[in-house]
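Visitor: What follows is a structure written as structure tokens; I'll ask about it next.
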Amino acid sequence: MNFLKAEWRKLAIINYEINPEILQPYLPKGTELDFYKSKCYVSLVGFMFLNTRLLGLPIPFHRNFEEVNLRFYVKKKENGIWKRGVVFIKEIVPKPALSMVANSIYKENYHTMPMKNQMEKGEDELLIRYSWKDKNWHSIQIMAENVAKPMEENSEFEFITEHYFGFTKKENTTSEYEVCHPKWEWYTVKEYQLEVDFQKIYGNDFECLNHQKPLSVMLAEGSEIQVKTKKYIH
């Protein structure tokens with residue numbers, strides 16, 4: 001059953017390498033870390049949620065909004081097949097009702113903050129900016145070429161975007177839900193700017209990211225998505 005239908009568009013993805021030991025306390029039972037070329041990744045992702053429908057119904061004033069999340073990559077073996085998914089450290093949205101629904105139903109770690117976005121489309125360039133505020137404004141900004149390209153097999157972009165399950169840790173249980181979408185196209189990033197205090201937003205475990213240069217910066221076009229109803233696996 002589809003719990004949620006929407007479009008995820010213009011995903012700005014900032015990737016860092018992180019010490020796997022930092023992520024162990026956040027790892028849901030039954031999952032293990034997923035690596036790309038022996039590196040353990042954590043990603044800061046900003047994007048637009050558009051045309052959102054919950055259980056088939058549009059929710060007034062909650063159809064189009066920004067989200068920014070910090071996530072890492074895991075896998076879980078089921079009947080001899082690997083399911084590849086993500087675990088969210090924190091998800092930031094601009095409206096309290098969104099946080100309430102996600103936290104109560106999916107037990108995710110959603111927080112409400114003031115947010116804004118900027119989208120400028122030129123003949124040759126795209127400018128994408130996502131901003132969110134605690135006491136100060138934080139932001140991700142990407143300037144990219146305005147031509148979307150197909151995904152390349154076995155690429156870093158494929159690894160980052162082809163994780164189709166969400167796993168959530170809750171005491172001694174793990175919940176799992178499936179996210180369905182086609183393969184995404186990507187844009188060549190020309191330059192980026194980051195104004196983020198990881199320690200302030202995500203806690204002391206992620207303070208190390210304040211002193212690191214990203215491994216890579218990506219911009220995905222995104223697509224329509226469907227989030228299936230969750231199930232408990234432990």
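Order determines the names: the first chain of the structure tokens is A, the second B, and so forth; residues in each chain are numbered 1 upward, and ligands are numbered 1 upward as they are shown.
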Can you pull out every residue within 7 Å of Thr168 of chain A, counting only C-alpha atoms, but drop anything in the same chain fewer than 2 positions away, and send it as a list in words?
Guide: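 Final neighbour list, sorted by chain and number: Pro28, Val87, Glu108, Gly166, Lys170, Thr174, Ser175 and Glu176 of chain A.
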Visitor: Check chain A with DSSP on the backbone and list each residue it calls strand (DSSP E), as number ranges by chain.
Guide: A: 2-17, 32-33, 35-36, 39-54, 57-58, 65-78, 81-93, 110-112, 115-121, 125-133, 137-145, 165-170, 173-180, 186-187, 189-195, 216-228, 231-232
Visitor: What does the distance from atom CA of Ile81 of chain A to atom CA of Glu185 of chain A come to in Å, to one decimal?
Guide: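 Separation between atom CA of Ile81 of chain A and atom CA of Glu185 of chain A: 26.1 Å.
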Visitor: Might you pull out every residue within 6 Å of segment 223-229 of chain A, with only C-alpha atoms counted and same-chain residues fewer than 5 positions away left off, and present them as a list in words?
Guide: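 Final neighbour list, sorted by chain and number: Met1, Asn2, Phe3, Leu4, Lys5, Ala6, Glu7, Trp8, Tyr177, Glu178, Val179, Cys180 and His181 of chain A.
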Visitor: Next, the residues of the selection above should be written as a CSV table (one decimal), in the first residue's frame with C-alpha atoms.
Guide:
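Final file, result_21.csv:
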```
chain,number,residue,atom,x,y,z
A,1,MET,CA,0.0,0.0,0.0
A,2,ASN,CA,1.2,3.5,-0.8
A,3,PHE,CA,1.4,5.6,2.3
A,4,LEU,CA,2.7,8.7,0.5
A,5,LYS,CA,3.0,9.8,-3.1
A,6,ALA,CA,5.0,12.9,-4.1
A,7,GLU,CA,7.7,14.3,-6.3
A,8,TRP,CA,11.3,14.7,-5.0
A,177,TYR,CA,9.7,0.9,4.3
A,178,GLU,CA,10.2,0.9,0.6
A,179,VAL,CA,10.6,3.9,-1.6
A,180,CYS,CA,9.9,3.4,-5.3
A,181,HIS,CA,11.2,5.6,-8.0
```
Visitor: Hey, can you check how far atom CA of Lys10 of chain A sits from atom CA of Gly222 of chain A?
Guide: 6.0 Å
Visitor: Could you name the residues that touch Val93 of chain A at 9 Å or less, counting only C-alpha atoms, but leaving out those on the same chain fewer than 5 positions away, as a count of residues only?
Guide: 14
Visitor: Running DSSP on the backbone, which parts of segment 15-226 of chain A land in alpha helix (DSSP H), as an mmCIF file with N, CA, C and O atoms, in the first residue's frame?
Guide:
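Okay, this is what ended up in part-v1.cif:
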```
data_model
loop_
_atom_site.group_PDB
_atom_site.id
_atom_site.type_symbol
_atom_site.label_atom_id
_atom_site.label_comp_id
_atom_site.auth_asym_id
_atom_site.auth_seq_id
_atom_site.Cartn_x
_atom_site.Cartn_y
_atom_site.Cartn_z
ATOM 1 N N PRO A 20 33.358 4.741 10.271
ATOM 2 C CA PRO A 20 32.198 3.856 10.493
ATOM 3 C C PRO A 20 31.824 3.717 11.967
ATOM 4 O O PRO A 20 30.647 3.503 12.287
ATOM 5 N N GLU A 21 32.797 3.837 12.853
ATOM 6 C CA GLU A 21 32.515 3.687 14.293
ATOM 7 C C GLU A 21 31.540 4.745 14.791
ATOM 8 O O GLU A 21 30.753 4.509 15.712
ATOM 9 N N ILE A 22 31.565 5.935 14.177
ATOM 10 C CA ILE A 22 30.653 7.013 14.588
ATOM 11 C C ILE A 22 29.200 6.608 14.331
ATOM 12 O O ILE A 22 28.291 6.981 15.091
ATOM 13 N N LEU A 23 28.975 5.809 13.275
ATOM 14 C CA LEU A 23 27.605 5.460 12.879
ATOM 15 C C LEU A 23 27.055 4.235 13.600
ATOM 16 O O LEU A 23 25.840 3.994 13.570
ATOM 17 N N PRO A 96 5.139 22.035 11.305
ATOM 18 C CA PRO A 96 5.030 21.102 12.426
ATOM 19 C C PRO A 96 4.200 19.864 12.125
ATOM 20 O O PRO A 96 4.514 18.774 12.602
ATOM 21 N N ALA A 97 3.145 20.005 11.318
ATOM 22 C CA ALA A 97 2.285 18.849 11.026
ATOM 23 C C ALA A 97 3.062 17.752 10.295
ATOM 24 O O ALA A 97 2.822 16.557 10.497
ATOM 25 N N LEU A 98 4.016 18.151 9.447
ATOM 26 C CA LEU A 98 4.827 17.168 8.726
ATOM 27 C C LEU A 98 5.673 16.366 9.710
ATOM 28 O O LEU A 98 5.765 15.142 9.616
ATOM 29 N N SER A 99 6.293 17.063 10.648
ATOM 30 C CA SER A 99 7.118 16.390 11.658
ATOM 31 C C SER A 99 6.269 15.455 12.503
ATOM 32 O O SER A 99 6.662 14.326 12.800
ATOM 33 N N MET A 100 5.084 15.911 12.891
ATOM 34 C CA MET A 100 4.221 15.129 13.760
ATOM 35 C C MET A 100 3.812 13.817 13.094
ATOM 36 O O MET A 100 3.908 12.739 13.694
ATOM 37 N N VAL A 101 3.409 13.889 11.819
ATOM 38 C CA VAL A 101 2.988 12.681 11.102
ATOM 39 C C VAL A 101 4.162 11.717 10.930
ATOM 40 O O VAL A 101 4.060 10.520 11.212
ATOM 41 N N ALA A 102 5.305 12.251 10.486
ATOM 42 C CA ALA A 102 6.466 11.389 10.226
ATOM 43 C C ALA A 102 7.001 10.766 11.514
ATOM 44 O O ALA A 102 7.357 9.585 11.544
ATOM 45 N N ASN A 103 7.048 11.529 12.597
ATOM 46 C CA ASN A 103 7.580 11.012 13.852
ATOM 47 C C ASN A 103 6.637 9.995 14.485
ATOM 48 O O ASN A 103 7.085 8.994 15.055
ATOM 49 N N SER A 104 5.334 10.239 14.378
ATOM 50 C CA SER A 104 4.390 9.334 15.030
ATOM 51 C C SER A 104 4.190 8.047 14.230
ATOM 52 O O SER A 104 4.108 6.958 14.790
ATOM 53 N N ILE A 105 4.138 8.158 12.902
ATOM 54 C CA ILE A 105 3.853 6.968 12.086
ATOM 55 C C ILE A 105 5.129 6.215 11.714
ATOM 56 O O ILE A 105 5.196 5.001 11.801
ATOM 57 N N GLU A 156 29.459 6.486 -8.516
ATOM 58 C CA GLU A 156 29.201 6.978 -7.157
ATOM 59 C C GLU A 156 27.769 7.509 -7.063
ATOM 60 O O GLU A 156 27.077 7.286 -6.066
ATOM 61 N N PHE A 157 27.305 8.187 -8.105
ATOM 62 C CA PHE A 157 25.940 8.712 -8.130
ATOM 63 C C PHE A 157 24.920 7.577 -8.025
ATOM 64 O O PHE A 157 23.912 7.694 -7.312
ATOM 65 N N GLU A 158 25.163 6.481 -8.703
ATOM 66 C CA GLU A 158 24.257 5.330 -8.611
ATOM 67 C C GLU A 158 24.231 4.791 -7.185
ATOM 68 O O GLU A 158 23.164 4.515 -6.632
ATOM 69 N N PHE A 159 25.397 4.655 -6.569
ATOM 70 C CA PHE A 159 25.452 4.159 -5.189
ATOM 71 C C PHE A 159 24.633 5.045 -4.252
ATOM 72 O O PHE A 159 23.840 4.570 -3.446
ATOM 73 N N ILE A 160 24.797 6.339 -4.368
ATOM 74 C CA ILE A 160 24.129 7.279 -3.461
ATOM 75 C C ILE A 160 22.616 7.281 -3.663
ATOM 76 O O ILE A 160 21.845 7.358 -2.700
ATOM 77 N N THR A 161 22.154 7.190 -4.892
ATOM 78 C CA THR A 161 20.720 7.369 -5.161
ATOM 79 C C THR A 161 19.938 6.060 -5.292
ATOM 80 O O THR A 161 18.710 6.082 -5.240
ATOM 81 N N PHE A 198 27.481 21.511 11.429
ATOM 82 C CA PHE A 198 26.994 20.143 11.658
ATOM 83 C C PHE A 198 26.848 19.836 13.148
ATOM 84 O O PHE A 198 25.917 19.130 13.545
ATOM 85 N N GLN A 199 27.749 20.348 13.949
ATOM 86 C CA GLN A 199 27.671 20.099 15.395
ATOM 87 C C GLN A 199 26.380 20.681 15.981
ATOM 88 O O GLN A 199 25.675 20.043 16.755
ATOM 89 N N LYS A 200 26.060 21.886 15.571
ATOM 90 C CA LYS A 200 24.883 22.577 16.084
ATOM 91 C C LYS A 200 23.593 21.876 15.661
ATOM 92 O O LYS A 200 22.658 21.734 16.437
ATOM 93 N N ILE A 201 23.539 21.450 14.396
ATOM 94 C CA ILE A 201 22.308 20.866 13.855
ATOM 95 C C ILE A 201 22.195 19.370 14.178
ATOM 96 O O ILE A 201 21.108 18.874 14.470
ATOM 97 N N TYR A 202 23.329 18.657 14.140
ATOM 98 C CA TYR A 202 23.266 17.190 14.234
ATOM 99 C C TYR A 202 23.969 16.607 15.452
ATOM 100 O O TYR A 202 23.934 15.391 15.640
#
```
Visitor: When you look at Asp34 of chain A with a cut-off of 8 Å (counting only C-alpha atoms), what residues show up, excluding the ones that are within fewer than 3 positions of it in the same chain? I need them as an NGL selection string.
Guide: :A and (40 or 73-75 or 84)
Visitor: Store the residues of this selection in a file with all heavy atoms, as an mmCIF file, in the first residue's frame.
Guide:
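Result file follows (again-v9.cif):
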```cif
data_model
loop_
_atom_site.group_PDB
_atom_site.id
_atom_site.type_symbol
_atom_site.label_atom_id
_atom_site.label_comp_id
_atom_site.auth_asym_id
_atom_site.auth_seq_id
_atom_site.Cartn_x
_atom_site.Cartn_y
_atom_site.Cartn_z
ATOM 1 N N CYS A 40 33.020 4.769 3.793
ATOM 2 C CA CYS A 40 31.738 4.888 4.475
ATOM 3 C C CYS A 40 31.227 6.318 4.283
ATOM 4 O O CYS A 40 31.920 7.280 4.626
ATOM 5 C CB CYS A 40 31.918 4.577 5.964
ATOM 6 S SG CYS A 40 30.385 4.593 6.879
ATOM 7 N N TYR A 73 24.222 5.034 4.728
ATOM 8 C CA TYR A 73 23.815 3.957 3.825
ATOM 9 C C TYR A 73 24.041 2.589 4.462
ATOM 10 O O TYR A 73 25.114 2.320 5.021
ATOM 11 C CB TYR A 73 24.580 4.078 2.507
ATOM 12 C CG TYR A 73 24.339 5.444 1.904
ATOM 13 C CD1 TYR A 73 25.188 6.518 2.205
ATOM 14 C CD2 TYR A 73 23.226 5.701 1.120
ATOM 15 C CE1 TYR A 73 24.930 7.787 1.716
ATOM 16 C CE2 TYR A 73 22.965 6.963 0.621
ATOM 17 C CZ TYR A 73 23.813 8.000 0.935
ATOM 18 O OH TYR A 73 23.549 9.264 0.467
ATOM 19 N N VAL A 74 23.012 1.735 4.364
ATOM 20 C CA VAL A 74 23.065 0.418 4.994
ATOM 21 C C VAL A 74 22.536 -0.632 4.023
ATOM 22 O O VAL A 74 21.974 -0.321 2.968
ATOM 23 C CB VAL A 74 22.227 0.382 6.299
ATOM 24 C CG1 VAL A 74 22.763 1.373 7.320
ATOM 25 C CG2 VAL A 74 20.740 0.650 6.022
ATOM 26 N N LYS A 75 22.710 -1.888 4.421
ATOM 27 C CA LYS A 75 22.114 -2.986 3.658
ATOM 28 C C LYS A 75 21.647 -4.066 4.637
ATOM 29 O O LYS A 75 22.155 -4.163 5.760
ATOM 30 C CB LYS A 75 23.113 -3.551 2.639
ATOM 31 C CG LYS A 75 24.433 -4.022 3.227
ATOM 32 C CD LYS A 75 25.392 -4.424 2.124
ATOM 33 C CE LYS A 75 26.701 -4.922 2.720
ATOM 34 N NZ LYS A 75 27.644 -5.407 1.693
ATOM 35 N N ARG A 84 19.147 -2.641 -0.053
ATOM 36 C CA ARG A 84 20.018 -1.494 0.218
ATOM 37 C C ARG A 84 19.151 -0.295 0.591
ATOM 38 O O ARG A 84 18.179 0.013 -0.078
ATOM 39 C CB ARG A 84 20.876 -1.200 -1.006
ATOM 40 C CG ARG A 84 21.728 -2.393 -1.388
ATOM 41 C CD ARG A 84 22.444 -2.185 -2.689
ATOM 42 N NE ARG A 84 23.508 -1.229 -2.541
ATOM 43 C CZ ARG A 84 23.914 -0.406 -3.508
ATOM 44 N NH1 ARG A 84 23.304 -0.412 -4.666
ATOM 45 N NH2 ARG A 84 24.899 0.422 -3.296
#
```
Visitor: Could you make a table, as a tab-separated table, of the residues of segment 136-219 of chain A that have an atom within 12 Å of an atom of segment 44-55 of chain A, each with its nearest atom pair and distance in Å to one decimal, counting only C-alpha atoms, in chain and number order?
Guide:
```
residue	atom	partner	partner_atom	distance
A:His138	CA	A:Gly46	CA	11.5
A:Ser139	CA	A:Gly46	CA	9.2
A:Ile140	CA	A:Gly46	CA	7.4
A:Gln141	CA	A:Gly46	CA	9.5
A:Ile142	CA	A:Gly46	CA	10.6
A:Ile160	CA	A:Val45	CA	10.6
A:Thr161	CA	A:Val45	CA	10.8
A:Leu194	CA	A:Leu44	CA	10.4
A:Glu195	CA	A:Leu44	CA	11.9
A:Val196	CA	A:Leu44	CA	9.9
A:Asp197	CA	A:Leu44	CA	11.8
A:Phe198	CA	A:Leu44	CA	9.8
A:Ile201	CA	A:Leu44	CA	11.5
A:Tyr202	CA	A:Leu44	CA	10.8
A:Phe206	CA	A:Leu44	CA	11.4
A:Leu209	CA	A:Leu44	CA	10.4
A:Pro214	CA	A:Leu44	CA	10.0
A:Leu215	CA	A:Leu44	CA	11.8
A:Ser216	CA	A:Leu44	CA	11.0
A:Val217	CA	A:Leu44	CA	9.7
A:Met218	CA	A:Val45	CA	9.5
A:Leu219	CA	A:Val45	CA	9.6
```
Visitor: Store the residues picked out above, limited to C-alpha atoms, as a compact mmCIF listing (two decimals), in the first residue's frame.
Guide:
```txt
# COMPACT_ATOMS: atom_id res chain seq x y z
CA HIS A 138 22.33 27.35 7.34
CA SER A 139 22.38 26.70 3.60
CA ILE A 140 23.37 24.50 0.65
CA GLN A 141 23.87 26.20 -2.70
CA ILE A 142 24.74 24.54 -6.01
CA ILE A 160 24.13 7.28 -3.46
CA THR A 161 20.72 7.37 -5.16
CA LEU A 194 27.97 25.37 2.15
CA GLU A 195 27.11 27.23 5.30
CA VAL A 196 26.34 24.47 7.78
CA ASP A 197 27.32 23.93 11.41
CA PHE A 198 26.99 20.14 11.66
CA ILE A 201 22.31 20.87 13.86
CA TYR A 202 23.27 17.19 14.23
CA PHE A 206 29.05 14.96 13.44
CA LEU A 209 32.18 17.23 9.20
CA PRO A 214 33.10 16.86 0.80
CA LEU A 215 34.10 13.77 -1.18
CA SER A 216 31.63 14.88 -3.86
CA VAL A 217 28.73 17.23 -4.55
CA MET A 218 25.81 16.10 -6.73
CA LEU A 219 22.58 17.47 -8.12
```
Visitor: Rank A:Thr173, A:Glu91, A:Asn15, A:Ile128 by their smallest atom-to-atom distance to Lys39 of chain A, using only C-alpha atoms, and report the top residue only.
Guide: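 That would be A:Asn15, the residue with the smallest distance to Lys39 of chain A.
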